[in-house]
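*Asks:* So here's target_12.cif (mmCIF, C-alpha atoms).
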data_input
loop_
_atom_site.label_atom_id
_atom_site.label_comp_id
_atom_site.auth_asym_id
_atom_site.auth_seq_id
_atom_site.Cartn_x
_atom_site.Cartn_y
_atom_site.Cartn_z
CA MET A 1 114.68 7.45 91.98
CA GLY A 2 118.34 7.67 90.99
CA LEU A 3 117.51 5.94 87.69
CA LEU A 4 114.77 8.49 86.93
CA LEU A 5 117.11 11.40 87.71
CA ALA A 6 119.76 9.91 85.43
CA LEU A 7 117.22 9.48 82.65
CA GLN A 8 116.01 13.06 83.07
CA SER A 9 119.45 14.38 82.19
CA ARG A 10 119.47 12.39 78.93
CA ILE A 11 115.83 12.55 77.79
CA PRO A 12 114.10 15.71 76.54
CA ASP A 13 111.71 17.30 79.04
CA ARG A 14 108.76 16.55 76.76
CA TRP A 15 109.41 12.83 77.01
CA PHE A 16 110.34 12.76 80.67
CA ILE A 17 107.57 14.97 82.11
CA ARG A 18 104.74 14.22 79.69
CA ARG A 19 105.34 10.56 78.94
CA LEU A 20 107.96 8.67 80.94
CA LEU A 21 107.12 9.99 84.40
CA PRO A 22 103.30 9.60 84.04
CA SER A 23 103.85 6.13 82.60
CA ALA A 24 106.06 5.15 85.55
CA LEU A 25 103.43 6.36 88.00
CA PHE A 26 100.54 4.68 86.22
CA VAL A 27 102.28 1.30 85.87
CA ALA A 28 103.25 1.33 89.56
CA VAL A 29 99.73 2.24 90.68
CA ALA A 30 98.12 -0.31 88.35
CA TYR A 31 100.27 -3.13 89.71
CA LEU A 32 99.94 -2.22 93.37
CA VAL A 33 96.14 -1.84 93.33
CA SER A 34 95.35 -4.67 90.92
CA GLY A 35 94.95 -7.10 93.82
CA LEU A 36 92.79 -4.84 95.96
CA GLY A 37 89.51 -4.86 94.10
CA GLN A 38 86.59 -2.64 95.02
CA SER A 39 85.92 -4.17 98.43
CA ARG A 40 89.49 -3.81 99.77
CA TRP A 41 90.36 -0.50 98.11
CA TYR A 42 91.82 0.89 101.35
CA ASP A 43 94.03 -2.11 102.30
CA ALA A 44 97.49 -0.50 102.51
CA GLY A 45 98.92 -3.65 104.06
CA LEU A 46 98.11 -5.66 100.95
CA VAL A 47 99.76 -3.00 98.80
CA ALA A 48 102.95 -3.22 100.89
CA HIS A 49 102.84 -7.02 100.69
CA ARG A 50 102.57 -6.97 96.89
CA LEU A 51 105.46 -4.52 96.65
CA GLU A 52 107.66 -6.73 98.86
CA ARG A 53 106.87 -9.79 96.75
CA TYR A 54 107.59 -7.94 93.52
CA LEU A 55 110.96 -6.70 94.75
CA GLY A 56 111.91 -10.11 96.14
CA ALA A 57 111.97 -9.05 99.79
CA GLU A 58 110.43 -12.31 100.98
CA SER A 59 110.50 -15.99 100.09
CA GLY A 60 108.31 -17.04 97.20
CA ALA A 61 108.72 -13.65 95.56
CA GLU A 62 107.44 -13.21 92.04
CA ALA A 63 110.77 -12.18 90.53
CA HIS A 64 114.40 -11.35 91.29
CA PRO A 65 114.75 -7.60 92.03
CA THR A 66 116.82 -7.00 88.88
CA THR A 67 114.35 -8.89 86.74
CA ALA A 68 111.44 -7.09 88.38
CA LEU A 69 112.96 -3.68 87.72
CA LEU A 70 113.75 -4.64 84.13
CA LEU A 71 110.16 -5.73 83.51
CA TYR A 72 108.96 -2.53 85.12
CA ALA A 73 111.22 -0.42 82.91
CA ILE A 74 110.05 -2.23 79.77
CA THR A 75 106.40 -1.72 80.70
CA VAL A 76 106.97 1.96 81.45
CA ALA A 77 108.77 2.46 78.15
CA ALA A 78 105.97 0.70 76.28
CA GLY A 79 103.43 3.01 77.91
CA ALA A 80 105.51 6.09 77.10
CA PHE A 81 105.68 5.11 73.43
CA THR A 82 102.00 4.12 73.23
CA VAL A 83 100.55 7.33 74.65
CA PRO A 84 101.59 9.61 71.74
CA MET A 85 99.91 7.22 69.30
CA ALA A 86 96.73 7.15 71.37
CA ALA A 87 96.92 10.95 71.65
CA GLN A 88 96.76 11.16 67.85
CA VAL A 89 93.36 9.48 68.01
CA VAL A 90 92.23 12.03 70.60
CA SER A 91 93.62 14.82 68.43
CA VAL A 92 91.65 13.65 65.39
CA LEU A 93 88.42 13.33 67.36
CA ALA A 94 88.91 16.68 69.12
CA ALA A 95 89.56 18.37 65.76
CA GLY A 96 86.22 17.07 64.50
CA ALA A 97 87.80 15.00 61.71
CA TRP A 98 86.02 11.79 62.66
CA PRO A 99 86.58 8.74 60.42
CA TRP A 100 83.94 7.70 57.90
CA TRP A 101 82.72 4.78 59.99
CA LEU A 102 81.80 7.24 62.75
CA ALA A 103 80.00 9.55 60.34
CA PRO A 104 76.47 8.73 61.64
CA LEU A 105 77.53 9.43 65.24
CA SER A 106 79.44 12.52 64.14
CA GLU A 107 76.39 13.94 62.40
CA ARG A 108 74.15 13.24 65.39
CA VAL A 109 76.55 14.99 67.76
CA ARG A 110 76.88 17.95 65.39
CA ALA A 111 73.09 18.21 65.01
CA LEU A 112 72.73 18.15 68.81
CA ARG A 113 75.25 20.96 69.12
CA VAL A 114 73.39 22.96 66.47
CA ARG A 115 70.11 22.59 68.37
CA ARG A 116 71.75 23.76 71.60
CA TRP A 117 73.68 26.60 69.95
CA ARG A 118 72.69 30.19 70.61
CA SER A 119 74.49 33.21 69.22
CA PRO A 120 76.81 35.14 71.59
CA ASP A 121 74.66 38.27 71.20
CA GLU A 122 71.55 36.35 72.25
CA LEU A 123 73.35 34.88 75.24
CA ARG A 124 74.61 38.31 76.34
CA ASP A 125 71.13 39.79 76.05
CA ASP A 126 69.76 36.93 78.15
CA ALA A 127 72.56 37.49 80.68
CA LEU A 128 71.71 41.18 80.87
CA ARG A 129 68.04 40.41 81.56
CA SER A 130 69.02 37.83 84.20
CA ARG A 131 71.29 40.31 85.91
CA GLY A 132 68.46 42.84 85.92
CA ARG A 133 66.27 40.27 87.73
CA GLY A 134 69.01 39.72 90.30
CA GLU A 135 69.97 36.26 88.97
CA VAL A 136 73.69 36.88 89.29
CA LEU A 137 74.89 33.27 88.98
CA ARG A 138 72.80 32.59 85.88
CA ALA A 139 74.01 35.83 84.32
CA ALA A 140 77.65 34.92 84.99
CA ARG A 141 77.13 31.47 83.46
CA LEU A 142 75.53 32.95 80.35
CA GLU A 143 78.30 35.52 79.97
CA ALA A 144 80.95 32.80 80.23
CA ARG A 145 79.07 30.72 77.68
CA ALA A 146 78.79 33.70 75.33
CA ALA A 147 82.54 34.28 75.54
CA ALA A 148 83.22 30.66 74.54
CA THR A 149 80.56 30.40 71.81
CA ALA A 150 81.35 30.89 68.13
CA ARG A 151 79.37 33.43 66.17
CA ILE A 152 78.30 30.84 63.61
CA ALA A 153 76.45 27.56 64.13
CA PRO A 154 78.61 24.47 64.78
CA LYS A 155 80.00 22.75 61.69
CA THR A 156 81.78 19.85 63.41
CA PRO A 157 80.93 17.58 66.36
CA THR A 158 83.36 19.38 68.70
CA TRP A 159 84.07 22.92 69.89
CA THR A 160 87.78 22.54 69.14
CA GLY A 161 86.93 21.26 65.67
CA ASP A 162 84.91 24.40 64.97
CA ARG A 163 87.75 26.59 66.25
CA LEU A 164 90.37 24.90 64.09
CA ARG A 165 88.02 24.85 61.09
CA SER A 166 87.56 28.60 61.47
CA THR A 167 91.34 29.05 61.50
CA ALA A 168 91.74 26.87 58.42
CA ASP A 169 89.13 28.96 56.58
CA ARG A 170 90.90 32.22 57.46
CA VAL A 171 94.32 30.89 56.41
CA ARG A 172 92.80 29.71 53.14
CA GLU A 173 91.40 33.20 52.54
CA LEU A 174 94.68 34.90 53.39
CA ARG A 175 97.17 32.55 51.75
CA GLY A 176 95.17 30.17 49.58
CA LEU A 177 96.78 27.40 51.65
CA ASP A 178 95.02 24.40 53.12
CA VAL A 179 96.62 24.34 56.57
CA GLU A 180 95.06 20.95 57.35
CA THR A 181 97.08 19.25 54.60
CA SER A 182 100.04 21.67 54.20
CA TRP A 183 101.21 22.15 57.79
CA VAL A 184 104.86 21.54 56.85
CA ASP A 185 104.66 23.99 53.94
CA LEU A 186 103.33 26.64 56.29
CA LEU A 187 106.16 26.05 58.78
CA LEU A 188 108.85 26.25 56.11
CA ASP A 189 107.48 29.52 54.80
CA LEU A 190 107.58 31.32 58.17
CA SER A 191 110.34 33.17 59.98
CA GLU A 192 112.21 31.42 62.78
CA SER A 193 110.36 33.27 65.55
CA SER A 194 106.94 32.65 63.97
CA ARG A 195 107.80 29.01 63.41
CA ALA A 196 108.87 28.62 67.05
CA ALA A 197 105.62 30.18 68.28
CA LEU A 198 103.54 27.93 66.05
CA VAL A 199 105.44 24.80 67.05
CA GLU A 200 105.05 25.71 70.73
CA ALA A 201 101.29 26.17 70.28
CA ARG A 202 101.02 22.85 68.49
CA ASP A 203 103.08 21.16 71.20
CA GLY A 204 100.67 22.51 73.84
CA TYR A 205 97.76 21.05 71.90
CA ASP A 206 99.49 17.67 71.63
CA GLY A 207 100.26 17.78 75.36
CA ALA A 208 96.58 18.32 76.14
CA CYS A 209 95.68 15.31 73.99
CA GLU A 210 98.21 13.18 75.88
CA ALA A 211 96.79 14.36 79.21
CA MET A 212 93.37 13.25 77.99
CA VAL A 213 94.79 9.78 77.26
CA TRP A 214 96.18 9.49 80.79
CA SER A 215 92.85 10.52 82.28
CA LEU A 216 91.10 7.80 80.27
CA ALA A 217 93.69 5.27 81.45
CA TYR A 218 92.90 6.05 85.09
CA LEU A 219 89.18 5.87 84.37
CA ALA A 220 89.73 2.38 82.95
CA LEU A 221 91.73 1.40 86.04
CA GLY A 222 88.74 2.49 88.10
CA VAL A 223 86.95 -0.69 86.95
CA TYR A 224 89.18 -2.57 89.42
CA TRP A 225 89.87 0.17 92.00
CA TRP A 226 87.31 2.97 92.26
CA PRO A 227 89.61 5.73 93.62
CA ALA A 228 91.40 5.61 90.26
CA ALA A 229 88.10 6.52 88.57
CA VAL A 230 87.86 9.62 90.77
CA VAL A 231 91.40 10.64 89.81
CA GLY A 232 90.62 9.91 86.17
CA ALA A 233 87.43 11.97 86.22
CA LEU A 234 89.20 14.99 87.75
CA ALA A 235 92.07 14.61 85.30
CA TRP A 236 89.61 14.35 82.41
CA LEU A 237 87.91 17.60 83.40
CA ALA A 238 91.26 19.37 83.70
CA SER A 239 92.59 17.96 80.41
CA TRP A 240 89.31 18.79 78.64
CA ARG A 241 89.61 22.44 79.64
CA TRP A 242 93.31 22.37 78.74
CA LEU A 243 92.44 20.94 75.32
CA ARG A 244 89.93 23.70 74.62
CA ARG A 245 92.39 26.40 75.66
CA ALA A 246 95.19 24.78 73.65
CA GLY A 247 92.97 24.56 70.57
CA ASP A 248 92.08 28.22 70.92
CA VAL A 249 95.75 29.19 71.39
CA LEU A 250 96.73 27.12 68.35
CA GLY A 251 94.06 28.80 66.25
CA ASN A 252 94.96 32.31 67.40
CA THR A 253 98.69 31.69 66.94
CA THR A 254 98.24 30.28 63.45
CA GLU A 255 96.16 33.26 62.36
CA ALA A 256 98.58 35.72 63.97
CA VAL A 257 101.73 34.33 62.33
CA VAL A 258 100.04 34.15 58.92
CA ARG A 259 98.86 37.77 59.19
CA ALA A 260 102.31 38.88 60.38
CA HIS A 261 103.94 37.06 57.48
CA ASP A 262 101.66 38.74 54.95
CA ALA A 263 101.99 42.19 56.54
#
Rewrite the structure of this file - the entire thing - as structure tokens.

*Replies:*
Amino acid sequence: MGLLLALQSRIPDRWFIRRLLPSALFVAVAYLVSGLGQSRWYDAGLVAHRLERYLGAESGAEAHPTTALLLYAITVAAGAFTVPMAAQVVSVLAAGAWPWWLAPLSERVRALRVRRWRSPDELRDDALRSRGRGEVLRAARLEARAAATARIAPKTPTWTGDRLRSTADRVRELRGLDVETSWVDLLLDLSESSRAALVEARDGYDGACEAMVWSLAYLALGVYWWPAAVVGALAWLASWRWLRRAGDVLGNTTEAVVRAHDA
């Protein structure tokens, strides 16, 4: 714990809270539960025994305490550096910019979204009729769906991709700038306050992508220890909603700073 507190004073909060601390927790959990399996998922005694062996508290231990802590630190650091790279993959997929070799799947997902899409006005009218019939829960669900639905049919395989595509189209109309390929040019052309707001919005989006990576890591750990799958599923739902909100905030912020710059 003292080592983590010392590191916190020297490492930016983004690295410590979003990467180093989650990596430390995941590596510790993965090691401690790796010997439990599905049938002994509740065996706390076995977890304590594995921890004692790892720290060299008994004869026949796996490693000297110093060596064990060094290996742990290296593994944690590797995880902290790997997550941002994996988050870039999530970011690309969430933005709807799927690689060419996923084009068939991308088109199928987009076509499915088009078939399921209904305009916000149609959804609100349906909600109004449902509320008139006393179907309050259905009306609330339709109203929430209408609020989150774009006014045009989906153009990408993801909701966030459509939102960011809409922003890119508006920026192109306002500035003649392709924000998808000229992000740095846009930042350099803005005032300091606008640049800070845009960077903060982008950082929130990247953080949501990293949270999605951690949720997938726990889902994978659930293959060996099922409670991890439960944690991963809950984390995935939370990170999915966070990602949608962050994509919307990024889109709104980008449009706002561009309009303010041109005003």

*Asks:* Excluding same-chain residues fewer than 4 positions from region 103-111 of chain A, what lies within 7 Å of it counting all atoms listed in the file, as JSON, numbers by chain?

*Replies:* {"A": [98, 99, 115, 154, 155, 156, 157]}

*Asks:* Go ahead and write the residues just picked, C-alpha atoms, as a compact mmCIF listing (two decimals), in the coordinates of the input.

*Replies:*
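After the write, selection_23.txt holds the following:
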# COMPACT_ATOMS: atom_id res chain seq x y z
CA TRP A 98 86.02 11.79 62.66
CA PRO A 99 86.58 8.74 60.42
CA ARG A 115 70.11 22.59 68.37
CA PRO A 154 78.61 24.47 64.78
CA LYS A 155 80.00 22.75 61.69
CA THR A 156 81.78 19.85 63.41
CA PRO A 157 80.93 17.58 66.36

*Asks:* Considering all atoms listed in the file, return as a list of chain:residue names whatever protein or nucleic-acid residues lie within 9 Å of region 89-93 of chain A, sequence-local ones (same chain, fewer than 4 positions apart) excluded.

*Replies:*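 The filter keeps A:Met85, A:Ala97, A:Trp98, A:Pro99, A:Pro157, A:Thr158, A:Gly161, A:Tyr205, A:Asp206, A:Ala208, A:Cys209, A:Glu210, A:Met212, A:Val213.
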
*Asks:* For C-alpha atoms, I'd like the residues from the last selection saved as a CSV table (one decimal), in the frame of the given file.

*Replies:*
chain,number,residue,atom,x,y,z
A,85,MET,CA,99.9,7.2,69.3
A,97,ALA,CA,87.8,15.0,61.7
A,98,TRP,CA,86.0,11.8,62.7
A,99,PRO,CA,86.6,8.7,60.4
A,157,PRO,CA,80.9,17.6,66.4
A,158,THR,CA,83.4,19.4,68.7
A,161,GLY,CA,86.9,21.3,65.7
A,205,TYR,CA,97.8,21.0,71.9
A,206,ASP,CA,99.5,17.7,71.6
A,208,ALA,CA,96.6,18.3,76.1
A,209,CYS,CA,95.7,15.3,74.0
A,210,GLU,CA,98.2,13.2,75.9
A,212,MET,CA,93.4,13.2,78.0
A,213,VAL,CA,94.8,9.8,77.3

*Asks:* Which is closer to Gly232 (chain A) than all the others in A:Ala246, A:Ser215, A:Trp159, A:Ala139, using all atoms listed in the file?

*Replies:* A:Ser215

*Asks:* Report the residues retrieved by the PyMOL selection byres ((chain A and resi 195-198) around 10) from the displayed file, expressed as number ranges by chain.

*Replies:* A: 186-194, 199-204, 249-257

*Asks:* Rounded to one decimal place, report the CA of Ile152 (chain A)-CA of Val171 (chain A) distance in Å.

*Replies:*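 Pair CA of Ile152 (chain A) / CA of Val171 (chain A) returns 17.6 Å.
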
*Asks:* Closest to Asp162 (chain A) among A:Arg138, A:Arg113, A:Arg18, A:Arg175, using all atoms listed in the file?

*Replies:* A:Arg113

*Asks:* List the residues matched by the PyMOL selection byres ((chain A and resi 25-31) around 8) in the displayed structure as an NGL selection string, ordered by chain and then by residue number.

*Replies:* :A and (21-24 or 32-35 or 72 or 75-76 or 218 or 221)

*Asks:* Determine the nearest neighbour of Ile17 (chain A) from the options A:Ala80, A:Ser239, A:Gln88, A:Asp126, counting only C-alpha atoms.

*Replies:*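 Among the listed residues, the smallest separation from Ile17 (chain A) belongs to A:Ala80.
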
*Asks:* Mind giving me the straight-line distance from CA of Arg116 (chain A) to CA of Arg163 (chain A) in Å, one decimal?

*Replies:*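 Going from CA of Arg116 (chain A) over to CA of Arg163 (chain A), I get 17.1 Å.
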